[in-house]
Amino acid sequence: MKIAVIFTGGTIGSCIKNDFIGVDNKMQYVLLKNYENDNEIKFVTSSPYSILSENLSSKELNLLQNEIAEKLSQDFDGIIVTHGSDTLQYTSTAIEMAFGDCQFPILFVSADYPLEDTRSNGFANFQGAVEFIRNKISKGVFVSYKNDDEDITNIHIPSKTLMHNELHANIYSIDKTPFAQYDGKFTVNGTYSCKGNGITNYSEDSQILVVSSTPADSYSYSLENVKAILFKPYHSATLNTSNEKLVNFCKSATERQIPMYVLGSKLDTGYESTRIYNELNIQPLPYGTFISAYMKLWAELSGI
């Protein structure tokens, strides 16, 4: 079995230097030491870039897509991408959108602490990815991640992963249902189906204005160089539509022909506050995650 391992930095490829966590390109190879005596596996490594993932830009997304496309044309049984946790969901969703119908699995792994820290889940996450490939569980793009309060490693579909809870490293799937779970053996909870759209050349600036719901927002956002507005509503998919400043903001966006979107609700019935979305030219999106909506919108705008 041959697995391509693509190192991109992040906490899983870092160590503590002078009281700060920074990328150390030697650390990432520690992940492979547990498999030195495993004659079934051959790892082939590469590193198109090495950054802390909070510094992710279109440059890295485009480099990684090209690196994975090259590996998909070769004789591998799977690909593992090591990545920082801050933007793990964004990058893995982009790769799912590009290569979701690939013929072998691509798994993203990260770590909540550097590998030299005994609290790190990096080794467990990497093991989950390796065993997923070894056991031929499924084709497609996934995230392998063990939460600090669980004894299992979850396998997530990237476009179904939620943003991190505030000040916490755990990763959850929408509706708390990961694709699979690993505790020495795999339990598969659902089916995987995704059509990859091929490589997107992501624009340097997404030109998406993200507006998060907060009480008493002045909506004094500049609309210069904005191609789309994505409202991040309260949990019930609501906005403060009684706020005249929001109404005026939407009028300004409409005059500039800037499309506006809001994340959709799982509920069949909306709230009174959502009744005027159509009047304000705000288009509700299907029920899904913010990151999935953002990455799909960025990809679409990059082609314009």
# chains A, B, ... in the order shown; residues from 1 in each chain; ligands from 1
>>> residues_around(residues="Ile21 (chain A)", least_positions_apart="6", cutoff="9 Å", atoms="only C-alpha atoms", output="list of chain:residue names")
A:Thr11, A:Ser14, A:Cys15, A:Pro114
>>> write_last_selection(atoms="N, CA, C and O atoms", output="PDB file, in the first residue's frame")
ATOM      1  N   THR A  11      -0.100  23.302  13.352  1.00  0.00           N
ATOM      2  CA  THR A  11       0.370  22.845  14.668  1.00  0.00           C
ATOM      3  C   THR A  11       0.937  21.437  14.593  1.00  0.00           C
ATOM      4  O   THR A  11       1.895  21.112  15.296  1.00  0.00           O
ATOM      5  N   SER A  14       4.603  21.636  13.864  1.00  0.00           N
ATOM      6  CA  SER A  14       5.236  22.740  14.587  1.00  0.00           C
ATOM      7  C   SER A  14       5.857  22.265  15.898  1.00  0.00           C
ATOM      8  O   SER A  14       5.632  21.133  16.340  1.00  0.00           O
ATOM      9  N   CYS A  15       6.620  23.147  16.492  1.00  0.00           N
ATOM     10  CA  CYS A  15       7.129  22.919  17.838  1.00  0.00           C
ATOM     11  C   CYS A  15       7.137  24.254  18.578  1.00  0.00           C
ATOM     12  O   CYS A  15       6.870  25.303  17.981  1.00  0.00           O
ATOM     13  N   PRO A 114       1.114  20.730  19.535  1.00  0.00           N
ATOM     14  CA  PRO A 114       2.266  20.172  18.815  1.00  0.00           C
ATOM     15  C   PRO A 114       2.500  18.718  19.200  1.00  0.00           C
ATOM     16  O   PRO A 114       2.162  18.289  20.307  1.00  0.00           O
TER      17      PRO A 114
END
>>> select_by_dssp(residues="region 15-62 of chain A", states="alpha helix (DSSP H)", output="list of chain:residue names")
A:Ser58, A:Lys59, A:Glu60, A:Leu61, A:Asn62
>>> write_last_selection(atoms="all heavy atoms", output="mmCIF file, in the first residue's frame")
data_model
loop_
_atom_site.group_PDB
_atom_site.id
_atom_site.type_symbol
_atom_site.label_atom_id
_atom_site.label_comp_id
_atom_site.auth_asym_id
_atom_site.auth_seq_id
_atom_site.Cartn_x
_atom_site.Cartn_y
_atom_site.Cartn_z
ATOM 1 N N SER A 58 -5.311 32.383 -0.987
ATOM 2 C CA SER A 58 -5.598 31.716 -2.254
ATOM 3 C C SER A 58 -4.348 31.043 -2.820
ATOM 4 O O SER A 58 -4.440 30.003 -3.479
ATOM 5 C CB SER A 58 -6.145 32.724 -3.259
ATOM 6 O OG SER A 58 -5.203 33.773 -3.476
ATOM 7 N N LYS A 59 -3.188 31.617 -2.546
ATOM 8 C CA LYS A 59 -1.936 31.043 -3.057
ATOM 9 C C LYS A 59 -1.786 29.595 -2.600
ATOM 10 O O LYS A 59 -1.483 28.701 -3.407
ATOM 11 C CB LYS A 59 -0.750 31.876 -2.571
ATOM 12 C CG LYS A 59 0.614 31.287 -2.921
ATOM 13 C CD LYS A 59 1.734 32.113 -2.293
ATOM 14 C CE LYS A 59 3.090 31.460 -2.534
ATOM 15 N NZ LYS A 59 4.192 32.232 -1.884
ATOM 16 N N GLU A 60 -1.991 29.356 -1.305
ATOM 17 C CA GLU A 60 -1.839 28.001 -0.767
ATOM 18 C C GLU A 60 -2.934 27.063 -1.275
ATOM 19 O O GLU A 60 -2.668 25.898 -1.585
ATOM 20 C CB GLU A 60 -1.834 28.025 0.761
ATOM 21 C CG GLU A 60 -0.575 28.591 1.380
ATOM 22 C CD GLU A 60 -0.498 30.106 1.311
ATOM 23 O OE1 GLU A 60 -1.573 30.756 1.334
ATOM 24 O OE2 GLU A 60 0.616 30.651 1.219
ATOM 25 N N LEU A 61 -4.159 27.562 -1.367
ATOM 26 C CA LEU A 61 -5.250 26.726 -1.890
ATOM 27 C C LEU A 61 -4.936 26.257 -3.303
ATOM 28 O O LEU A 61 -5.145 25.086 -3.656
ATOM 29 C CB LEU A 61 -6.566 27.502 -1.885
ATOM 30 C CG LEU A 61 -7.256 27.692 -0.539
ATOM 31 C CD1 LEU A 61 -8.483 28.581 -0.710
ATOM 32 C CD2 LEU A 61 -7.654 26.360 0.079
ATOM 33 N N ASN A 62 -4.432 27.159 -4.128
ATOM 34 C CA ASN A 62 -4.131 26.811 -5.514
ATOM 35 C C ASN A 62 -2.946 25.855 -5.605
ATOM 36 O O ASN A 62 -2.954 24.906 -6.402
ATOM 37 C CB ASN A 62 -3.862 28.083 -6.324
ATOM 38 C CG ASN A 62 -5.097 28.960 -6.447
ATOM 39 O OD1 ASN A 62 -6.219 28.481 -6.366
ATOM 40 N ND2 ASN A 62 -4.899 30.261 -6.620
#
>>> select_by_dssp(residues="region 11-169 of chain A", states="strand (DSSP E)", output="PyMOL selection string")
chain A and resi 14-17+20-23+42-46+78-82+106-109+141-145+153-156
>>> write_last_selection(atoms="C-alpha atoms", output="short mmCIF file (atom, residue, chain, number, x, y, z; two decimals), in the first residue's frame")
data_model
loop_
_atom_site.label_atom_id
_atom_site.label_comp_id
_atom_site.auth_asym_id
_atom_site.auth_seq_id
_atom_site.Cartn_x
_atom_site.Cartn_y
_atom_site.Cartn_z
CA SER A 14 5.24 22.74 14.59
CA CYS A 15 7.13 22.92 17.84
CA ILE A 16 7.42 25.42 20.67
CA LYS A 17 10.15 28.00 20.13
CA PHE A 20 5.53 30.48 20.77
CA ILE A 21 4.31 27.73 18.46
CA GLY A 22 6.00 27.89 15.06
CA VAL A 23 6.41 25.66 12.03
CA LYS A 42 5.10 3.00 1.94
CA PHE A 43 4.83 6.74 2.51
CA VAL A 44 5.81 9.22 -0.20
CA THR A 45 6.12 12.74 1.20
CA SER A 46 6.00 16.23 -0.30
CA GLY A 78 -4.68 7.30 -0.67
CA ILE A 79 -3.51 10.79 0.21
CA ILE A 80 -3.08 12.32 3.67
CA VAL A 81 -2.76 16.09 4.01
CA THR A 82 -1.43 17.48 7.27
CA ILE A 106 -7.98 11.95 0.58
CA LEU A 107 -7.86 12.64 4.33
CA PHE A 108 -6.94 15.80 6.20
CA VAL A 109 -5.35 15.58 9.63
CA VAL A 141 -12.40 13.59 0.77
CA PHE A 142 -12.55 13.46 4.58
CA VAL A 143 -11.23 14.92 7.83
CA SER A 144 -9.89 12.61 10.57
CA TYR A 145 -10.14 14.19 14.02
CA THR A 153 -11.67 9.37 16.09
CA ASN A 154 -14.36 10.91 13.90
CA ILE A 155 -14.20 10.89 10.12
CA HIS A 156 -15.99 13.95 8.76
#
>>> residues_around(residues="Tyr35 (chain A)", least_positions_apart="5", cutoff="12 Å", atoms="only C-alpha atoms", output="PyMOL selection string")
chain A and resi 3+29-30+40-43+123+126-127+130-131
>>> atom_distance(atom1="CA of Tyr234 (chain A)", atom2="CA of Ile282 (chain A)")
15.1 Å
>>> residues_around(residues="Asn281 (chain A)", least_positions_apart="6", cutoff="10 Å", atoms="only C-alpha atoms", output="MDAnalysis selection string")
chainID A and resid 250:251 253:254 258:261
>>> residues_around(residues="Asp101 (chain A)", least_positions_apart="3", cutoff="9 Å", atoms="only C-alpha atoms", output="PyMOL selection string")
chain A and resi 96-98+104+139-141+193-197
>>> atom_distance(atom1="CA of Ile174 (chain A)", atom2="CA of Leu162 (chain A)")
6.1 Å
>>> atom_distance(atom1="CA of Asp38 (chain A)", atom2="CA of Ile12 (chain A)")
21.8 Å
>>> closest_residue(among="A:Ser218, A:Lys2, A:Thr161, A:Asn18", to="Val247 (chain A)", atoms="only C-alpha atoms")
A:Ser218
>>> closest_residue(among="A:Ser50, A:Gln103, A:Ser85, A:Ser265", to="His168 (chain A)", atoms="only C-alpha atoms")
A:Ser85
>>> residues_around(residues="Pro233 (chain A)", least_positions_apart="4", cutoff="10 Å", atoms="only C-alpha atoms", output="ChimeraX atom specification")
/A:211-214,237-240,262-265,290
>>> residues_around(residues="Asp148 (chain A)", least_positions_apart="2", cutoff="7 Å", atoms="only C-alpha atoms", output="list in words")
Lys146, Glu150 and Asn170 of chain A
>>> closest_residue(among="A:Ala69, A:Leu31, A:Val210, A:Ala180", to="Ser120 (chain A)", atoms="only C-alpha atoms")
A:Leu31
